[in-house]
Amino acid sequence: MSVSIDVAWKSLNKHHEELCGDKVEVLKTDDSDILILADGMGSGVKANILATLTSKILGTMLYEGAALESCVETIAKTLPICQVRKVAYATFSVLQIFHSGDAYLVEFDNPSCVFIRNGKIVDYAYETREIEGKKIHEYRFKVQKNDCFVLMSDGVIYAGAGSILNLQGWTWEAMAEYTLKCTKKTMSASRLAVMLSQACDELYEEKPGDDTTVAVARVIERRVVNIFTGPPKEKEDDERIMHEFMRMEGKKVVAGGTSANIAARILGKDIVTKADSRNPDVPPTAVIEGIDLVTEGVLTLGKCLKLLKKYVRDEFDAEFFDELDAENGASKLAKLLIEECTELNLFVGTAVNDAHRESELNFDLSMRQNLVEQLVSTAEKMGRRVKVSYY
């Protein structure tokens with residue numbers, strides 16, 4: 001079984017602070033996915049610098065295959081000493097999941113990772129090691145499909161302390177139970193991160209007393225999405241592009257009227273347009289047997305990109321998911337790329353669209369090319385592996 005991970009995180013800044021003192025890094029190596037959460041001492045600029053340095057050092061060194069001892073030693077020698085507390089300090093959690101299914105979790109002074117499997121909270125035995133005077137917890141185990149992990153900074157378990165929940169705060173146990181309850185509603189990493197972050201914000205009465213971060217990783221099988229957009233430069237390549245597009249594993253999306261006509265002609269199928277008056281801003285979708293989603297081209301891709309960019313900028317909340325669940329081509333494509341995609345293959349035609357050749361819309365090719373480049377860049381920022389083929 002070759003596994004991958006669906007990852008998302010949400011951070012709340014301490015009330016009145018411009019910068020977050022927690023930092024999350026996601027890295028992909030040839031054989032694994034790495035999720036790092038670092039929490040700098042204090043809050044504001046100093047904490048942000050400590051957390052950023054810690055996450056970057058860990059990420060860079062682990063990516064290059066360095067041993068944990070070297071990473072911790074480098075962090076201890078690199079972090080600037082706080083002039084007030086006279087120490088350099090940042091806590092961290094690192095989760096590395098290999099495509100083979102092996103997993104490695106390291107924690108230093110962060111709350112323990114919440115691990116959910118088959119609808120239950122699972123406790124794993126760990127080894128304690130001392131490196132550079134720091135007690136590190138190390139876990140090694142095998143993952144299964146649909147396993148869910150939640151890394152967190154200590155702002156999560158102190159949510160509500162001194163106000164809603166008196167002095168106790170939310171506690172790890174209560175947070176773990178709430179996470180379990182949420183996983184029964186959704187297994188999407190991004191939706192789960194929003195639910196948990198929203199709960200923290202409510203417990204803090206929307207005035208967080210500390211930087212608060214949840215990072216969710218869900219184990220999934222690799223999921224491939226293929227998008228064909230734009231007619232090939234040479235008409236005789238119509239069959240070639242469709243043959244190469246259709247033989248790929250995974251979901252198939254055709255974006256663009258001319259592209260849909262090519263797909264229908266080569267496949268010998270009819271195009272059935274689905275009229276939808278609920279969102280006049282997004283052109284209607286269509287149905288072609290054998291294709292998972294058929295949309296209009298430039299306008300739909302542009303609106304899909306807006307949603308993806310909001311997601312990349314961490315601007316996703318309950319309202320965002322309402323828009324993502326809408327019954328229109330742009331939302332459906334964005335949802336596919338956010339929740340059901342680990343690898344994206346783009347099949348891009350480079351002909352000027354016949355429908356626009358004689359009109360003022362002869363910028364169609366450069367516009368489409370620009371959208372494709374933005375889509376590639378945004379998908380890569382989302383952690384997707386992207387391959388583009390031009391015809």
# chains A, B, ... in the order shown; residues from 1 in each chain; ligands from 1

call {"tool": "residues_around", "arguments": {"residues": "A:Leu19", "least_positions_apart": "6", "cutoff": "9 Å", "atoms": "only C-alpha atoms", "output": "list in words"}}
result
Asn13, Ser43, Gly44, Val45, Ala47 and Asn48 of chain A

call {"tool": "select_by_dssp", "arguments": {"residues": "stretch 21-175 of chain A", "states": "helix (DSSP H, G or I)", "output": "JSON, numbers by chain"}}
result
{"A": [44, 45, 46, 47, 48, 49, 50, 51, 52, 53, 54, 55, 56, 57, 58, 59, 60, 61, 62, 63, 68, 69, 70, 71, 72, 73, 74, 75, 76, 77, 78, 154, 155, 156, 157, 172, 173, 174, 175]}

call {"tool": "atom_distance", "arguments": {"atom1": "atom CA of A:Leu337", "atom2": "atom CA of A:Leu196"}}
result
22.3 Å

call {"tool": "closest_residue", "arguments": {"among": "A:Ala263, A:Ala176, A:Leu308, A:Ala379", "to": "A:Glu239", "atoms": "only C-alpha atoms"}}
result
A:Ala263

call {"tool": "closest_atom_pairs", "arguments": {"of": "stretch 292-375 of chain A", "to": "stretch 186-190 of chain A", "cutoff": "10 Å", "atoms": "only C-alpha atoms", "output": "JSON lines"}}
result
{"residue": "A:Tyr311", "atom": "CA", "partner": "A:Ser190", "partner_atom": "CA", "distance": 9.0}
{"residue": "A:Asp314", "atom": "CA", "partner": "A:Ser190", "partner_atom": "CA", "distance": 9.8}
{"residue": "A:Phe316", "atom": "CA", "partner": "A:Ser190", "partner_atom": "CA", "distance": 8.1}
{"residue": "A:Asp317", "atom": "CA", "partner": "A:Ser190", "partner_atom": "CA", "distance": 9.0}
{"residue": "A:Phe321", "atom": "CA", "partner": "A:Ser190", "partner_atom": "CA", "distance": 9.4}
{"residue": "A:Ile338", "atom": "CA", "partner": "A:Ser190", "partner_atom": "CA", "distance": 8.5}
{"residue": "A:Glu339", "atom": "CA", "partner": "A:Ser188", "partner_atom": "CA", "distance": 6.5}
{"residue": "A:Glu340", "atom": "CA", "partner": "A:Ser188", "partner_atom": "CA", "distance": 9.2}

call {"tool": "residues_around", "arguments": {"residues": "stretch 264-277 of chain A", "least_positions_apart": "3", "cutoff": "8 Å", "atoms": "only C-alpha atoms", "output": "ChimeraX atom specification"}}
result
/A:238-239,242,260-261,280,284-289,328

call {"tool": "write_last_selection", "arguments": {"atoms": "all heavy atoms", "output": "CSV table (one decimal), in the first residue's frame"}}
result
chain,number,residue,atom,x,y,z
A,238,ASP,N,-5.8,15.7,-31.6
A,238,ASP,CA,-7.0,15.6,-30.7
A,238,ASP,C,-7.0,14.2,-30.1
A,238,ASP,O,-7.3,14.0,-28.9
A,238,ASP,CB,-8.2,15.8,-31.5
A,238,ASP,CG,-8.4,17.3,-31.8
A,238,ASP,OD1,-7.6,18.1,-31.4
A,238,ASP,OD2,-9.5,17.7,-32.4
A,239,GLU,N,-6.8,13.2,-31.0
A,239,GLU,CA,-6.9,11.8,-30.6
A,239,GLU,C,-5.8,11.5,-29.6
A,239,GLU,O,-6.0,10.8,-28.6
A,239,GLU,CB,-6.8,10.8,-31.8
A,239,GLU,CG,-8.2,10.6,-32.3
A,239,GLU,CD,-8.3,9.3,-33.2
A,239,GLU,OE1,-7.7,8.3,-32.8
A,239,GLU,OE2,-8.8,9.4,-34.3
A,242,MET,N,-6.5,12.9,-26.1
A,242,MET,CA,-7.6,12.2,-25.4
A,242,MET,C,-7.1,10.8,-25.0
A,242,MET,O,-7.5,10.3,-23.9
A,242,MET,CB,-8.8,12.1,-26.3
A,242,MET,CG,-9.7,13.3,-26.3
A,242,MET,SD,-10.2,13.8,-24.6
A,242,MET,CE,-11.2,12.4,-24.1
A,260,ALA,N,-14.5,20.0,-24.4
A,260,ALA,CA,-15.6,19.1,-24.2
A,260,ALA,C,-16.0,18.5,-25.5
A,260,ALA,O,-16.3,17.3,-25.6
A,260,ALA,CB,-16.7,19.8,-23.5
A,261,ASN,N,-16.1,19.3,-26.6
A,261,ASN,CA,-16.5,18.9,-27.9
A,261,ASN,C,-15.5,17.8,-28.4
A,261,ASN,O,-15.9,16.8,-29.0
A,261,ASN,CB,-16.6,20.0,-28.9
A,261,ASN,CG,-17.9,20.8,-28.7
A,261,ASN,OD1,-18.9,20.3,-28.3
A,261,ASN,ND2,-17.8,22.1,-28.9
A,280,PRO,N,-25.5,32.4,-11.2
A,280,PRO,CA,-25.4,32.9,-12.6
A,280,PRO,C,-23.9,33.4,-12.9
A,280,PRO,O,-23.6,33.6,-14.0
A,280,PRO,CB,-26.3,34.1,-12.6
A,280,PRO,CG,-26.5,34.5,-11.2
A,280,PRO,CD,-26.4,33.3,-10.4
A,284,PRO,N,-22.7,27.0,-16.6
A,284,PRO,CA,-23.2,25.6,-16.2
A,284,PRO,C,-22.2,24.5,-16.5
A,284,PRO,O,-21.3,24.7,-17.4
A,284,PRO,CB,-24.5,25.5,-17.0
A,284,PRO,CG,-24.3,26.5,-18.2
A,284,PRO,CD,-23.5,27.6,-17.6
A,285,THR,N,-22.3,23.4,-15.9
A,285,THR,CA,-21.5,22.2,-16.1
A,285,THR,C,-22.2,21.4,-17.2
A,285,THR,O,-23.4,21.7,-17.6
A,285,THR,CB,-21.3,21.4,-14.9
A,285,THR,OG1,-22.5,21.0,-14.3
A,285,THR,CG2,-20.5,22.2,-13.8
A,286,ALA,N,-21.6,20.3,-17.6
A,286,ALA,CA,-22.2,19.4,-18.6
A,286,ALA,C,-21.8,18.0,-18.2
A,286,ALA,O,-21.1,17.8,-17.2
A,286,ALA,CB,-21.7,19.7,-20.0
A,287,VAL,N,-22.4,17.0,-18.9
A,287,VAL,CA,-22.1,15.6,-18.6
A,287,VAL,C,-21.7,14.9,-19.8
A,287,VAL,O,-22.3,15.0,-20.9
A,287,VAL,CB,-23.4,14.9,-18.0
A,287,VAL,CG1,-23.1,13.4,-17.8
A,287,VAL,CG2,-23.8,15.5,-16.7
A,288,ILE,N,-20.6,14.2,-19.8
A,288,ILE,CA,-20.1,13.3,-20.8
A,288,ILE,C,-19.8,12.0,-20.2
A,288,ILE,O,-19.0,11.9,-19.2
A,288,ILE,CB,-18.8,13.8,-21.5
A,288,ILE,CG1,-19.0,15.2,-22.2
A,288,ILE,CG2,-18.3,12.8,-22.6
A,288,ILE,CD1,-17.8,15.8,-22.8
A,289,GLU,N,-20.4,10.9,-20.7
A,289,GLU,CA,-20.2,9.6,-20.1
A,289,GLU,C,-18.7,9.2,-20.1
A,289,GLU,O,-18.0,9.4,-21.1
A,289,GLU,CB,-21.0,8.5,-20.9
A,289,GLU,CG,-21.0,7.2,-20.2
A,289,GLU,CD,-21.7,6.1,-21.1
A,289,GLU,OE1,-22.6,6.5,-21.8
A,289,GLU,OE2,-21.3,5.0,-21.0
A,328,ASN,N,-21.8,24.1,-8.3
A,328,ASN,CA,-21.4,24.8,-9.6
A,328,ASN,C,-20.0,24.2,-9.9
A,328,ASN,O,-19.3,23.7,-9.1
A,328,ASN,CB,-21.4,26.3,-9.5
A,328,ASN,CG,-20.4,26.8,-8.5
A,328,ASN,OD1,-19.2,26.7,-8.7
A,328,ASN,ND2,-20.8,27.4,-7.3
